[in-house]
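First comes the structure, then the notes that go with it.
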Amino acid sequence: MTATDFATYIAGLPRVLAGAAALFRDAAGRVLLVEPNYRDGWALPGGTVESDDGETPRQGARRETAEEIGLDRELGRLLAVDWVHGTAARPPLVAYLYDGGVLGEDDFKAIRLQEEELLSWRLVPREELAEYLPGALGRRVLAALDVLVGGAGTAELENGHRVG
C-alpha cells in the first residue's frame with residue numbers, strides 16, 4: 001500500500017466524535033448540571049475533545065470544565081465510557097465521564113458561567129436526574145453514580161445502557 005493509498009483509506013473511514021465531561025457533586029450527593037443556551041435541556045460541564053490539537057478526553061473534560069464553569073480541577077478516575085449511536089444530524093459519539101469530586105461551598109461560590117454558552121447551573125438529586133437528563137446522558141450519569149457508590153470499575157455503556 002502506498003502513502004497515497006493509505007491516506008485515501010484513512011480519509012474514507014467513518015467519523016466518530018469524542019466528548020468528555022466531569023461529574024461534580026455536593027456533600028449531599030446532588031449532581032452539578034449546566035443549562036446550555038444553544039439547545040434545550042441540561043447537561044454536565046464538558047464538551048467535544050479537540051483531537052486535532054492532540055487533546056486527550058481527560059484533558060478535554062478539564063479544559064471544558066474550566067471554560068464553562070471557571071473551575072480548573074484535576075479530575076479523578078474514569079467512571080463511564082458510552083458509545084452513543086449516530087443520527088442523521090450527528091456521527092457516533094464516544095462519551096467519557098470523569099469523577100470531578102465533591103465540591104465545597106467555596107467551590108460553588110467560585111463558579112463563573114461561560115456566558116457565550118451557558119444560562120445557569122443547579123444541583124440536582126439523583127432521583128430527579130431523569131427529569132433533567134433524558135436518554136443516554138441521564139443513564140450514563142446514573143451508571144457513573146453507581147460506580148462511585150459501589151466502587152466498581154469503569155462502566156462500559158452503549159446509549160447509556162450497561163454492556164458486558
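By order in the C-alpha cells, chains are A, B, ...; within a chain, residues start at 1; ligands start at 1, following the order shown.
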*Any idea what's packed within 6 Å of region 99-114 of chain A, counting only C-alpha atoms, ignoring anything in its chain fewer than 3 positions away? Could you give it as a PyMOL selection string?*
chain A and resi 22-26+68-70+75-77+117-118
Restricting it to all heavy atoms, dump the selection as an mmCIF file, in the first residue's frame.
data_model
loop_
_atom_site.group_PDB
_atom_site.id
_atom_site.type_symbol
_atom_site.label_atom_id
_atom_site.label_comp_id
_atom_site.auth_asym_id
_atom_site.auth_seq_id
_atom_site.Cartn_x
_atom_site.Cartn_y
_atom_site.Cartn_z
ATOM 1 N N ALA A 22 -17.282 16.087 33.202
ATOM 2 C CA ALA A 22 -16.944 15.840 34.598
ATOM 3 C C ALA A 22 -18.226 15.757 35.419
ATOM 4 O O ALA A 22 -19.168 16.524 35.204
ATOM 5 C CB ALA A 22 -16.057 16.958 35.131
ATOM 6 N N LEU A 23 -18.233 14.827 36.356
ATOM 7 C CA LEU A 23 -19.365 14.628 37.260
ATOM 8 C C LEU A 23 -18.987 15.218 38.619
ATOM 9 O O LEU A 23 -18.204 14.632 39.363
ATOM 10 C CB LEU A 23 -19.676 13.137 37.386
ATOM 11 C CG LEU A 23 -20.840 12.759 38.274
ATOM 12 C CD1 LEU A 23 -22.155 13.279 37.693
ATOM 13 C CD2 LEU A 23 -20.916 11.256 38.447
ATOM 14 N N PHE A 24 -19.532 16.417 38.899
ATOM 15 C CA PHE A 24 -19.303 17.090 40.173
ATOM 16 C C PHE A 24 -20.516 16.897 41.065
ATOM 17 O O PHE A 24 -21.653 16.916 40.583
ATOM 18 C CB PHE A 24 -19.086 18.598 39.966
ATOM 19 C CG PHE A 24 -17.834 18.932 39.217
ATOM 20 C CD1 PHE A 24 -17.887 19.337 37.894
ATOM 21 C CD2 PHE A 24 -16.595 18.869 39.839
ATOM 22 C CE1 PHE A 24 -16.735 19.656 37.204
ATOM 23 C CE2 PHE A 24 -15.435 19.189 39.152
ATOM 24 C CZ PHE A 24 -15.503 19.593 37.829
ATOM 25 N N ARG A 25 -20.252 16.740 42.369
ATOM 26 C CA ARG A 25 -21.324 16.559 43.320
ATOM 27 C C ARG A 25 -21.107 17.464 44.523
ATOM 28 O O ARG A 25 -19.996 17.931 44.763
ATOM 29 C CB ARG A 25 -21.376 15.099 43.791
ATOM 30 C CG ARG A 25 -21.665 14.169 42.648
ATOM 31 C CD ARG A 25 -21.152 12.760 42.785
ATOM 32 N NE ARG A 25 -20.022 12.437 43.606
ATOM 33 C CZ ARG A 25 -18.741 12.472 43.202
ATOM 34 N NH1 ARG A 25 -18.409 12.885 41.996
ATOM 35 N NH2 ARG A 25 -17.771 12.104 44.005
ATOM 36 N N ASP A 26 -22.178 17.656 45.296
ATOM 37 C CA ASP A 26 -22.025 18.337 46.579
ATOM 38 C C ASP A 26 -22.004 17.286 47.680
ATOM 39 O O ASP A 26 -22.105 16.076 47.405
ATOM 40 C CB ASP A 26 -23.107 19.395 46.789
ATOM 41 C CG ASP A 26 -24.506 18.835 47.024
ATOM 42 O OD1 ASP A 26 -24.706 17.597 46.988
ATOM 43 O OD2 ASP A 26 -25.423 19.648 47.231
ATOM 44 N N GLU A 68 -16.255 26.450 30.920
ATOM 45 C CA GLU A 68 -17.699 26.590 31.122
ATOM 46 C C GLU A 68 -18.092 27.093 32.508
ATOM 47 O O GLU A 68 -19.022 27.886 32.626
ATOM 48 C CB GLU A 68 -18.402 25.258 30.857
ATOM 49 C CG GLU A 68 -18.406 24.880 29.405
ATOM 50 C CD GLU A 68 -19.191 23.624 29.109
ATOM 51 O OE1 GLU A 68 -19.646 22.938 30.061
ATOM 52 O OE2 GLU A 68 -19.370 23.323 27.927
ATOM 53 N N ILE A 69 -17.408 26.597 33.556
ATOM 54 C CA ILE A 69 -17.829 26.985 34.908
ATOM 55 C C ILE A 69 -16.711 27.636 35.724
ATOM 56 O O ILE A 69 -16.904 27.965 36.890
ATOM 57 C CB ILE A 69 -18.457 25.801 35.683
ATOM 58 C CG1 ILE A 69 -17.470 24.657 35.878
ATOM 59 C CG2 ILE A 69 -19.732 25.333 34.984
ATOM 60 C CD1 ILE A 69 -17.995 23.533 36.776
ATOM 61 N N GLY A 70 -15.539 27.799 35.133
ATOM 62 C CA GLY A 70 -14.463 28.507 35.801
ATOM 63 C C GLY A 70 -13.722 27.709 36.860
ATOM 64 O O GLY A 70 -12.939 28.282 37.617
ATOM 65 N N LEU A 75 -9.050 16.031 37.538
ATOM 66 C CA LEU A 75 -10.186 15.119 37.560
ATOM 67 C C LEU A 75 -9.778 13.757 38.099
ATOM 68 O O LEU A 75 -8.630 13.330 37.951
ATOM 69 C CB LEU A 75 -10.777 14.971 36.156
ATOM 70 C CG LEU A 75 -11.320 16.268 35.559
ATOM 71 C CD1 LEU A 75 -11.787 16.046 34.136
ATOM 72 C CD2 LEU A 75 -12.430 16.849 36.417
ATOM 73 N N GLY A 76 -10.727 13.083 38.695
ATOM 74 C CA GLY A 76 -10.493 11.750 39.234
ATOM 75 C C GLY A 76 -10.609 10.695 38.151
ATOM 76 O O GLY A 76 -10.445 10.963 36.958
ATOM 77 N N ARG A 77 -10.970 9.509 38.575
ATOM 78 C CA ARG A 77 -10.949 8.370 37.670
ATOM 79 C C ARG A 77 -12.072 8.417 36.634
ATOM 80 O O ARG A 77 -13.080 9.106 36.798
ATOM 81 C CB ARG A 77 -11.004 7.070 38.452
ATOM 82 C CG ARG A 77 -12.315 6.788 39.129
ATOM 83 C CD ARG A 77 -12.148 5.551 40.011
ATOM 84 N NE ARG A 77 -13.385 5.167 40.640
ATOM 85 C CZ ARG A 77 -14.052 4.069 40.337
ATOM 86 N NH1 ARG A 77 -13.618 3.247 39.423
ATOM 87 N NH2 ARG A 77 -15.165 3.780 40.975
ATOM 88 N N GLU A 117 -22.118 30.332 26.289
ATOM 89 C CA GLU A 117 -22.708 29.002 26.129
ATOM 90 C C GLU A 117 -23.722 28.606 27.190
ATOM 91 O O GLU A 117 -24.558 27.747 26.936
ATOM 92 C CB GLU A 117 -21.597 27.933 26.125
ATOM 93 C CG GLU A 117 -20.718 27.967 24.913
ATOM 94 C CD GLU A 117 -19.775 26.772 24.864
ATOM 95 O OE1 GLU A 117 -20.013 25.768 25.554
ATOM 96 O OE2 GLU A 117 -18.793 26.860 24.110
ATOM 97 N N LEU A 118 -23.650 29.191 28.390
ATOM 98 C CA LEU A 118 -24.466 28.694 29.493
ATOM 99 C C LEU A 118 -25.361 29.769 30.094
ATOM 100 O O LEU A 118 -24.958 30.921 30.239
ATOM 101 C CB LEU A 118 -23.563 28.122 30.596
ATOM 102 C CG LEU A 118 -22.664 26.963 30.185
ATOM 103 C CD1 LEU A 118 -21.777 26.554 31.351
ATOM 104 C CD2 LEU A 118 -23.479 25.788 29.686
#
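Excluding region 84-97 of chain A itself and any same-chain residue fewer than 3 positions from it, the protein and nucleic acid residues within 6 Å of it, counting only C-alpha atoms, are Val16, Leu17, Ala18, Gly19, Ala20, Ala21, Ala22, Leu79, Ala80, Val81, Glu158 and Asn159 of chain A.
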Residue selection dump (C-alpha atoms) as a PDB file, in the first residue's frame:
ATOM      1  CA  VAL A  16     -16.615   9.343  15.342  1.00  0.00           C
ATOM      2  CA  LEU A  17     -16.837  12.260  17.763  1.00  0.00           C
ATOM      3  CA  ALA A  18     -15.323  12.177  21.239  1.00  0.00           C
ATOM      4  CA  GLY A  19     -16.927  14.030  24.114  1.00  0.00           C
ATOM      5  CA  ALA A  20     -15.776  14.326  27.713  1.00  0.00           C
ATOM      6  CA  ALA A  21     -17.430  15.625  30.852  1.00  0.00           C
ATOM      7  CA  ALA A  22     -16.944  15.840  34.598  1.00  0.00           C
ATOM      8  CA  LEU A  79     -16.371   6.452  35.637  1.00  0.00           C
ATOM      9  CA  ALA A  80     -18.045   5.605  32.330  1.00  0.00           C
ATOM     10  CA  VAL A  81     -17.416   5.250  28.607  1.00  0.00           C
ATOM     11  CA  GLU A 158     -23.990   1.728  24.743  1.00  0.00           C
ATOM     12  CA  ASN A 159     -26.521   4.563  24.566  1.00  0.00           C
TER      13      ASN A 159
END
*For CA of Leu78 (chain A) and CA of Gly29 (chain A), quote the distance in Å rounded to one decimal.*
18.0 Å
*asked:* Which residues are close to Arg63 (chain A), i.e. within 9 Å by only C-alpha atoms, leaving aside same-chain residues fewer than 4 positions away? Reply as a PyMOL selection string.
replied: chain A and resi 46+58-59+67-68+72
Per-residue DSSP, region 8-82 of chain A, filtered to strand (DSSP E or B), as a short mmCIF file (atom, residue, chain, number, x, y, z; two decimals) with C-alpha atoms, in the first residue's frame:
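File written: out-v5.cif
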data_model
loop_
_atom_site.label_atom_id
_atom_site.label_comp_id
_atom_site.auth_asym_id
_atom_site.auth_seq_id
_atom_site.Cartn_x
_atom_site.Cartn_y
_atom_site.Cartn_z
CA LEU A 17 -16.84 12.26 17.76
CA ALA A 18 -15.32 12.18 21.24
CA GLY A 19 -16.93 14.03 24.11
CA ALA A 20 -15.78 14.33 27.71
CA ALA A 21 -17.43 15.63 30.85
CA ALA A 22 -16.94 15.84 34.60
CA LEU A 23 -19.37 14.63 37.26
CA PHE A 24 -19.30 17.09 40.17
CA ARG A 25 -21.32 16.56 43.32
CA VAL A 31 -25.08 16.46 40.74
CA LEU A 32 -23.98 19.76 39.22
CA LEU A 33 -25.80 20.39 35.92
CA VAL A 34 -25.45 23.29 33.50
CA GLU A 35 -28.08 24.78 31.19
CA PRO A 36 -26.75 25.48 27.68
CA ALA A 43 -26.01 18.88 30.58
CA GLY A 46 -17.91 19.19 29.32
CA GLY A 47 -17.83 19.11 25.56
CA THR A 48 -16.06 17.92 22.45
CA LEU A 78 -12.87 7.48 34.55
CA LEU A 79 -16.37 6.45 35.64
CA ALA A 80 -18.05 5.60 32.33
CA VAL A 81 -17.42 5.25 28.61
CA ASP A 82 -20.53 5.38 26.45
#
_DSSP alpha helix (DSSP H) residues within region 8-164 of chain A, as a ChimeraX atom specification_ = /A:8-11,57-69,105-110,129-132,135-150
